[in-house]
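Okay, structure first, notes after.
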Amino acid sequence: MSKKRNGKPTVKMEKDFSRKIFKILSKDPNKLFNYKQIAAALELNDTKSRNEIIKELKYLASKEKIEEVERGKYRVISKADYIEGTIDMTSRKTAYFVSTELEDDVFIPTGNLNKALDGDKVKVYIYNRRRGRRPEGEVVEIIERAKTEFVGVIDIQKNFAFVSTANPKMYTDIFVPKNKLGNAENGDVVLVKIEDWPEKADSPFGEVLRVLGRPGEHNTEIHAILAEYGLPYDFPVDVEAYAQKIDTSIKEEEIANRRDMRKVLTFTIDPKDAKDFDDALSFQKLENGNYEVGIHIADVSYYLEEGTLLDEEAYSRATSVYLVDRVVPMLPEVLSNFACSLRPNEEKYTFSAVFELNEKAEVVNQWFGRTAIYSDQRFAYEEAQSVIETKGNTIPADVSLTGEEYQISNDIQEAILKLDDLAKIMRRKRMQHGAISFDKVEVKFNLNEEAEPIGVYFKVAKDANHLIEEFMLLANRKVAEFIGKQKPQKTFVYRIHDEPDEDKLINLQTVISKFGYSINFKSKDAISKSLNNLLAEVQGRKEQNLVDTLAIRTMSKAKYSTENIGHYGLAFDYYSHFTSPIRRYPDVMAHRLLQHYLDGGKSVDEEAYEEKCNHSSNMENLAANAERDSIKYMQVKYMLDHKDEEFLGVISGVTEWGIYVEIVSNKCEGMCRIREIKDDYYTFDEKQYALVGEVTHNLLQLGDEVYVKVKNADLVKKQLDFQFLGKKE
């Protein structure tokens with residue numbers, strides 16, 4: 001029923017009517033419409049409605065949204081105002097429209113979303129394009145939904161149900177008819193799929209695909225994180241069966257087709273809890289005084305044949321997902337943890353980049369190709385670090401993988417120390433060339449057998465980590481260079497990273513100036529040097545995590561592409577991903593392409609590979625979001641057990657509704673709401689990034705140290721609310 005006031009339609013109704021007419025014209029911008037055609041499209045045939053349509057057409061023409069081309073025949077004005085792009089929802093039910101055709105994002109009020117959801121690809125009409133007026137837009141067509149599956153809690157009524165999500169960017173709940181509930185019970189966490197959004201309905205209609213469990217239960221929440229991003233948590237039966245049938249035995253006739261490096265000293269260095277070792281280093285001193293270093297990568301493409309069921313599954317996943325309590329692998333375990341894992345004292349097929357380096361760590365010679373290796377020993381980073389620090393060959397019990405002290409051979413000890421020297425030279429050169437040193441502190445959890453967090457610790461990269469990193473970077477760079485410099489040009493999968501966004505750098509400058517730091521904008525080199533200085537200066541200070549996080553946000557996102565623009569953050573003209581094919585599909589593509597070109601093959605279809613690059617980048621982003629959510633979830637879970645404790649934190653964000661505080665001892669972040677800070681009446685001062693007390697003129701600003709206590713911990717929303725106890729004097 002339509003609402004009426006004094007027998008007249010409401011303004012909202014008239015606006016809706018206008019919008020419907022406008023939408024019909026917009027869908028076919030080149031076609032002329034008369035009132036009869038519009039009435040037919042709207043399924044209206046009474047005289048009153050037809051008169052209403054004529055009136056609305058005149059109104060839209062007066063507003064210059066449409067034009068009367070011939071008497072009584074209309075079309076929308078200027079196709080240039082219709083632009084394709086994506087919707088970026090805010091948490092306040094409004095959105096911004098983002099398009100490569102526009103310099104600035106366009107504001108979309110709630111009433112103009114027309115059923116568009118976050119991330120949807122849409123066509124938008126932009127108005128208020130006159131000077132001094134902020135442009136606004138209206139969604140006229142949804143071209144493609146970003147996602148149709150959502151995770152939420154189901155509320156079952158007598159004849160229907162609603163699913164509401166914890167995602168602040170999802171502004172509507174989802175209506176589920178009684179016959180589409182599956183076996184869901186009231187209050188369950190479910191995965192629901194939107195099937196339809198009828199014209200007159202406030203909410204989309206959906207169907208329950210899967211029940212994930214009860215809210216707050218550990219497995220439910222982890223599965224909910226994966227489902228929210230459309231990530232799987234097990235392999236289909238047929239894919240597992242296919243993988244089990246692969247012959248993973250090592251054959252002498254296959255070794256004969258490869259460079260046999262089984263007798264060269266080889267070892268792996270990985271995290272102590274790693275199960276898949278996809279890279280190993282070999283080392284030998286040459287007669288001319290130089291060093292031969294082999295970077296050996298699991299030859300996944302030997303087992304993963306293109307076009308097979310297993311390959312399609314690996315491509316679809318594109319990456320392994322590392323959650324706090326588990327890994328969701330790209331490849332089934334038979335490959336990831338066994339056949340392709342470079343385990344000690346086992347022969348393996350590898351794809352290698354072998355370099356001859358002199359004392360200055362310069363590459364004198366290089367070779368790429370398939371090899372066979374035998375890993376003599378496996379080290380944890382802590383064990384290799386001990387060798388680097390003590391220069392000895394005793395691994396102490398407290399860092400040993402076995403828990404007992406043991407000796408390593410002189411050969412391995414010398415290899416680790418020489419590789420460390422070479423890595424340090426390479427790292428120094430990289431920094432001199434303008435590479436940026438992001439050694440962001442990683443939050444890790446000690447979990448008990450039920451996967452409950454019982455402790456938090458920070459992972460900091462040391463020399464042993466840098467040693468492996470430098471040689472992986474060398475392999476990735478040299479493989480990309482080897483193909484990228486060939487004439488005629490050949491299609492390849494590059495890892496590219498654009499220069500930072502200047503507006504974001506200016507915002508960073510505003511924040512860091514409060515702590516006495518600055519950025520030099522004189523040139524590209526000056527920017528990267530001052531960013532490095534900034535990251536070095538904040539080491540160990542209370543504002544370190546805040547500054548690290550903000551600095552990373554100024555950076556463009558690295559992604560995969562066939563179009564090489566170099567890698568800004570690493571200061572490389574050519575860069576690829578070659579060293580982790582067990583957990584990243586682009587590395588598998590790089591292996592296949594490298595072999596194809598080594599065999600004299602012609603350049604492959606660039607468009608097809610660009611599509612694969614885009615898919616891989618998108619899946620990488622989803623995996624990163626899921627990983628971030630799993631850390632947030634664990635942090636909230638950890639804080640649930642520490643509700644009565646007082647914590648020292650740093651103000652990491654200031655908004656009109658309160659301050660965000662990050663706890664120093666565990667990096668958990670939560671919100672203190674402005675209305676609950678009781679020692680004064682505070683208002684938000686945008687210029688100072690601060691809350692200002694009306695009476696005392698107290699400032700609560702970025703970087704201030706404050707004491708807080710947990711007030712509320714919401715596992716489903718992964719949010720913490722803190723009680724503000726006061727500033728640190």
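Please note that chains go A, B, ... in the order of the structure tokens, that every chain numbers its residues from 1, and that ligands are numbered from 1 in the order shown.
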Taking 2 positions as the minimum chain separation for residues in the same chain, which residues sit within 12 Å of A:Lys687 when counting only C-alpha atoms? Answer as a count of residues only. 14
Please provide the set of residues having any atom within 12 Å of stretch 160-166 of chain A, restricted to only C-alpha atoms, with same-chain residues fewer than 4 positions apart removed, written as a count of residues only. 51
Can you tell me, as a list of chain:residue names, what residues are no more than 10 Å from A:Thr562 when counting only C-alpha atoms, ignoring any on the same chain fewer than 5 positions away?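 Residues meeting the cut-off are A:Lys490, A:Thr491, A:Phe492, A:Val493, A:Tyr494, A:Arg495, A:Ile496, A:Glu606, A:Glu607, A:Ala608, A:Tyr609, A:Glu610, A:Glu611, A:Lys612, A:Cys613, A:Asn614.
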Excluding same-chain residues fewer than 6 positions from stretch 339-351 of chain A, what lies within 7 Å of it counting only C-alpha atoms, as a list in words?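 Using only C-alpha atoms, the neighbours found are Thr248, Asp276, Phe277, Asp278, Asp279, His296, Ile297, Ala298, Asp299, Val300, Gly369, Arg370, Thr371, Ala372, Ile373, Tyr374, Ser375, Asp376, Gln377 and Arg378 of chain A.
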Taking 2 positions as the minimum chain separation for residues in the same chain, which residues sit within 9 Å of A:Val547 when counting only C-alpha atoms? Answer as an NGL selection string. :A and (508 or 511-512 or 534-535 or 538 or 543-545 or 549-552)
Counting only C-alpha atoms, which of A:Phe338, A:Tyr242, A:Tyr660, A:Tyr59 gets nearest to A:Glu313? A:Tyr242
Members of stretch 311-380 of chain A assigned strand (DSSP E or B) by DSSP, as a PyMOL selection string: chain A and resi 319+321-322+327-328+347-357+363-374+377-380
Same residues, N, CA and C atoms, output as a compact mmCIF listing (two decimals), in the first residue's frame:
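Output (part_37.txt):
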# COMPACT_ATOMS: atom_id res chain seq x y z
N THR A 319 46.30 -19.41 -3.66
CA THR A 319 47.23 -19.18 -2.55
C THR A 319 46.84 -20.04 -1.36
N VAL A 321 46.21 -20.16 2.67
CA VAL A 321 45.71 -19.15 3.62
C VAL A 321 46.25 -19.51 5.00
N TYR A 322 46.96 -18.56 5.62
CA TYR A 322 47.59 -18.82 6.92
C TYR A 322 46.78 -18.16 8.03
N VAL A 327 46.59 -23.86 8.58
CA VAL A 327 46.89 -23.44 7.20
C VAL A 327 45.85 -24.09 6.31
N VAL A 328 45.26 -23.30 5.41
CA VAL A 328 44.40 -23.89 4.38
C VAL A 328 45.26 -23.92 3.12
N GLU A 347 65.77 -37.25 -1.48
CA GLU A 347 66.02 -36.70 -2.82
C GLU A 347 64.75 -36.03 -3.32
N LYS A 348 64.92 -34.89 -3.98
CA LYS A 348 63.75 -34.14 -4.47
C LYS A 348 64.02 -33.55 -5.84
N TYR A 349 62.92 -33.39 -6.61
CA TYR A 349 62.99 -32.65 -7.87
C TYR A 349 62.82 -31.16 -7.54
N THR A 350 63.70 -30.32 -8.12
CA THR A 350 63.60 -28.89 -7.87
C THR A 350 63.77 -28.09 -9.16
N PHE A 351 63.37 -26.83 -9.09
CA PHE A 351 63.62 -25.87 -10.17
C PHE A 351 64.58 -24.86 -9.54
N SER A 352 65.71 -24.62 -10.18
CA SER A 352 66.76 -23.88 -9.49
C SER A 352 67.27 -22.67 -10.25
N ALA A 353 67.73 -21.70 -9.44
CA ALA A 353 68.48 -20.56 -9.96
C ALA A 353 69.85 -20.68 -9.30
N VAL A 354 70.88 -20.89 -10.11
CA VAL A 354 72.22 -21.13 -9.55
C VAL A 354 73.12 -19.95 -9.96
N PHE A 355 73.74 -19.32 -8.96
CA PHE A 355 74.54 -18.11 -9.21
C PHE A 355 75.98 -18.30 -8.78
N GLU A 356 76.89 -17.74 -9.59
CA GLU A 356 78.28 -17.62 -9.16
C GLU A 356 78.44 -16.19 -8.66
N LEU A 357 78.81 -16.06 -7.37
CA LEU A 357 78.95 -14.73 -6.75
C LEU A 357 80.40 -14.51 -6.34
N VAL A 363 76.79 -10.88 -9.12
CA VAL A 363 76.52 -12.11 -9.89
C VAL A 363 77.46 -12.13 -11.10
N VAL A 364 78.33 -13.15 -11.13
CA VAL A 364 79.29 -13.29 -12.23
C VAL A 364 78.72 -14.20 -13.31
N ASN A 365 77.97 -15.20 -12.88
CA ASN A 365 77.35 -16.17 -13.80
C ASN A 365 76.01 -16.60 -13.25
N GLN A 366 75.09 -17.00 -14.14
CA GLN A 366 73.81 -17.52 -13.65
C GLN A 366 73.33 -18.67 -14.53
N TRP A 367 72.53 -19.55 -13.93
CA TRP A 367 71.97 -20.69 -14.65
C TRP A 367 70.58 -20.98 -14.09
N PHE A 368 69.61 -21.23 -14.97
CA PHE A 368 68.26 -21.59 -14.52
C PHE A 368 67.86 -22.92 -15.12
N GLY A 369 67.22 -23.76 -14.34
CA GLY A 369 66.74 -25.02 -14.92
C GLY A 369 66.31 -26.01 -13.85
N ARG A 370 65.91 -27.18 -14.35
CA ARG A 370 65.41 -28.23 -13.45
C ARG A 370 66.59 -29.03 -12.88
N THR A 371 66.47 -29.38 -11.60
CA THR A 371 67.58 -30.04 -10.90
C THR A 371 67.03 -31.18 -10.03
N ALA A 372 67.97 -31.95 -9.49
CA ALA A 372 67.63 -32.91 -8.44
C ALA A 372 68.56 -32.58 -7.28
N ILE A 373 68.01 -32.54 -6.04
CA ILE A 373 68.85 -32.19 -4.88
C ILE A 373 68.64 -33.20 -3.75
N TYR A 374 69.52 -33.11 -2.77
CA TYR A 374 69.40 -33.91 -1.55
C TYR A 374 69.70 -32.95 -0.40
N GLN A 377 70.44 -31.09 5.69
CA GLN A 377 69.97 -30.74 7.03
C GLN A 377 68.87 -29.68 6.97
N ARG A 378 68.01 -29.75 7.99
CA ARG A 378 66.95 -28.75 8.14
C ARG A 378 67.25 -27.90 9.37
N PHE A 379 67.18 -26.57 9.19
CA PHE A 379 67.37 -25.66 10.32
C PHE A 379 66.12 -24.83 10.55
N ALA A 380 65.89 -24.50 11.83
CA ALA A 380 64.92 -23.46 12.16
C ALA A 380 65.66 -22.13 12.13
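Closest approach to A:Lys462 from the set A:Leu102, A:Tyr406, A:Asp398, A:Glu383 is made by A:Glu383, with distances taken over only C-alpha atoms.
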Any idea what's packed within 9 Å of A:Glu676, counting only C-alpha atoms, ignoring anything in its chain fewer than 5 positions away? Could you give it as a list in words?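 Answer for this query is Gly658, Gln723 and Phe724 of chain A.
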Can you write out the residues you just picked, keeping N, CA, C and O atoms, as a tab-separated table (two decimals), in the first residue's frame?
chain	number	residue	atom	x	y	z
A	658	GLY	N	35.19	8.66	19.29
A	658	GLY	CA	36.06	8.15	20.35
A	658	GLY	C	37.49	7.95	19.91
A	658	GLY	O	37.89	8.39	18.83
A	723	GLN	N	37.45	0.48	28.52
A	723	GLN	CA	37.09	1.51	29.48
A	723	GLN	C	38.33	2.39	29.66
A	723	GLN	O	39.43	1.87	29.90
A	724	PHE	N	38.15	3.70	29.55
A	724	PHE	CA	39.28	4.64	29.65
A	724	PHE	C	39.57	4.89	31.14
A	724	PHE	O	38.69	5.28	31.90
Distance atom CA of A:Ala624-atom CA of A:Val324, one decimal place? 12.0 Å
Long-range neighbours of A:His218 as a ChimeraX atom specification, 9 Å cut-off, only C-alpha atoms, 5 positions minimum in chain: /A:223,450-452
Those residues with all heavy atoms, as a PDB file, in the first residue's frame please?
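Dumped to selection_4.pdb:
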ATOM      1  N   HIS A 223      35.696 -21.043  10.631  1.00  0.00           N
ATOM      2  CA  HIS A 223      35.017 -21.390   9.374  1.00  0.00           C
ATOM      3  C   HIS A 223      34.229 -20.197   8.832  1.00  0.00           C
ATOM      4  O   HIS A 223      34.122 -20.018   7.616  1.00  0.00           O
ATOM      5  CB  HIS A 223      34.095 -22.597   9.575  1.00  0.00           C
ATOM      6  CG  HIS A 223      34.849 -23.889   9.701  1.00  0.00           C
ATOM      7  ND1 HIS A 223      34.294 -25.049  10.166  1.00  0.00           N
ATOM      8  CD2 HIS A 223      36.148 -24.202   9.434  1.00  0.00           C
ATOM      9  CE1 HIS A 223      35.209 -26.012  10.180  1.00  0.00           C
ATOM     10  NE2 HIS A 223      36.345 -25.509   9.737  1.00  0.00           N
ATOM     11  N   GLU A 450      43.424 -26.891  22.662  1.00  0.00           N
ATOM     12  CA  GLU A 450      42.081 -26.548  22.145  1.00  0.00           C
ATOM     13  C   GLU A 450      42.141 -25.313  21.235  1.00  0.00           C
ATOM     14  O   GLU A 450      41.114 -24.732  20.899  1.00  0.00           O
ATOM     15  CB  GLU A 450      41.104 -26.255  23.303  1.00  0.00           C
ATOM     16  CG  GLU A 450      40.526 -27.476  23.992  1.00  0.00           C
ATOM     17  CD  GLU A 450      41.531 -28.125  24.938  1.00  0.00           C
ATOM     18  OE1 GLU A 450      42.080 -27.394  25.781  1.00  0.00           O
ATOM     19  OE2 GLU A 450      41.775 -29.342  24.791  1.00  0.00           O
ATOM     20  N   ALA A 451      43.344 -24.922  20.855  1.00  0.00           N
ATOM     21  CA  ALA A 451      43.566 -23.733  20.009  1.00  0.00           C
ATOM     22  C   ALA A 451      43.122 -22.447  20.695  1.00  0.00           C
ATOM     23  O   ALA A 451      42.754 -21.475  20.046  1.00  0.00           O
ATOM     24  CB  ALA A 451      42.881 -23.887  18.651  1.00  0.00           C
ATOM     25  N   GLU A 452      43.150 -22.436  22.031  1.00  0.00           N
ATOM     26  CA  GLU A 452      42.858 -21.214  22.785  1.00  0.00           C
ATOM     27  C   GLU A 452      44.169 -20.435  22.944  1.00  0.00           C
ATOM     28  O   GLU A 452      45.207 -21.033  23.229  1.00  0.00           O
ATOM     29  CB  GLU A 452      42.344 -21.556  24.196  1.00  0.00           C
ATOM     30  CG  GLU A 452      41.173 -22.526  24.235  1.00  0.00           C
ATOM     31  CD  GLU A 452      39.852 -21.827  23.985  1.00  0.00           C
ATOM     32  OE1 GLU A 452      39.802 -20.608  24.180  1.00  0.00           O
ATOM     33  OE2 GLU A 452      38.896 -22.499  23.573  1.00  0.00           O
TER      34      GLU A 452
END
Record the distance separating atom CA of A:Glu56 and atom CA of A:Ala39, expressed in Å with one decimal.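 About the pair atom CA of A:Glu56 and atom CA of A:Ala39: they are 11.9 Å apart.
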Quick one: of A:Asn30, A:Gln432, A:Thr696, A:Thr86, who's nearest to A:Leu570, counting only C-alpha atoms?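 When distances to A:Leu570 are compared using only C-alpha atoms, the smallest one comes from A:Gln432.
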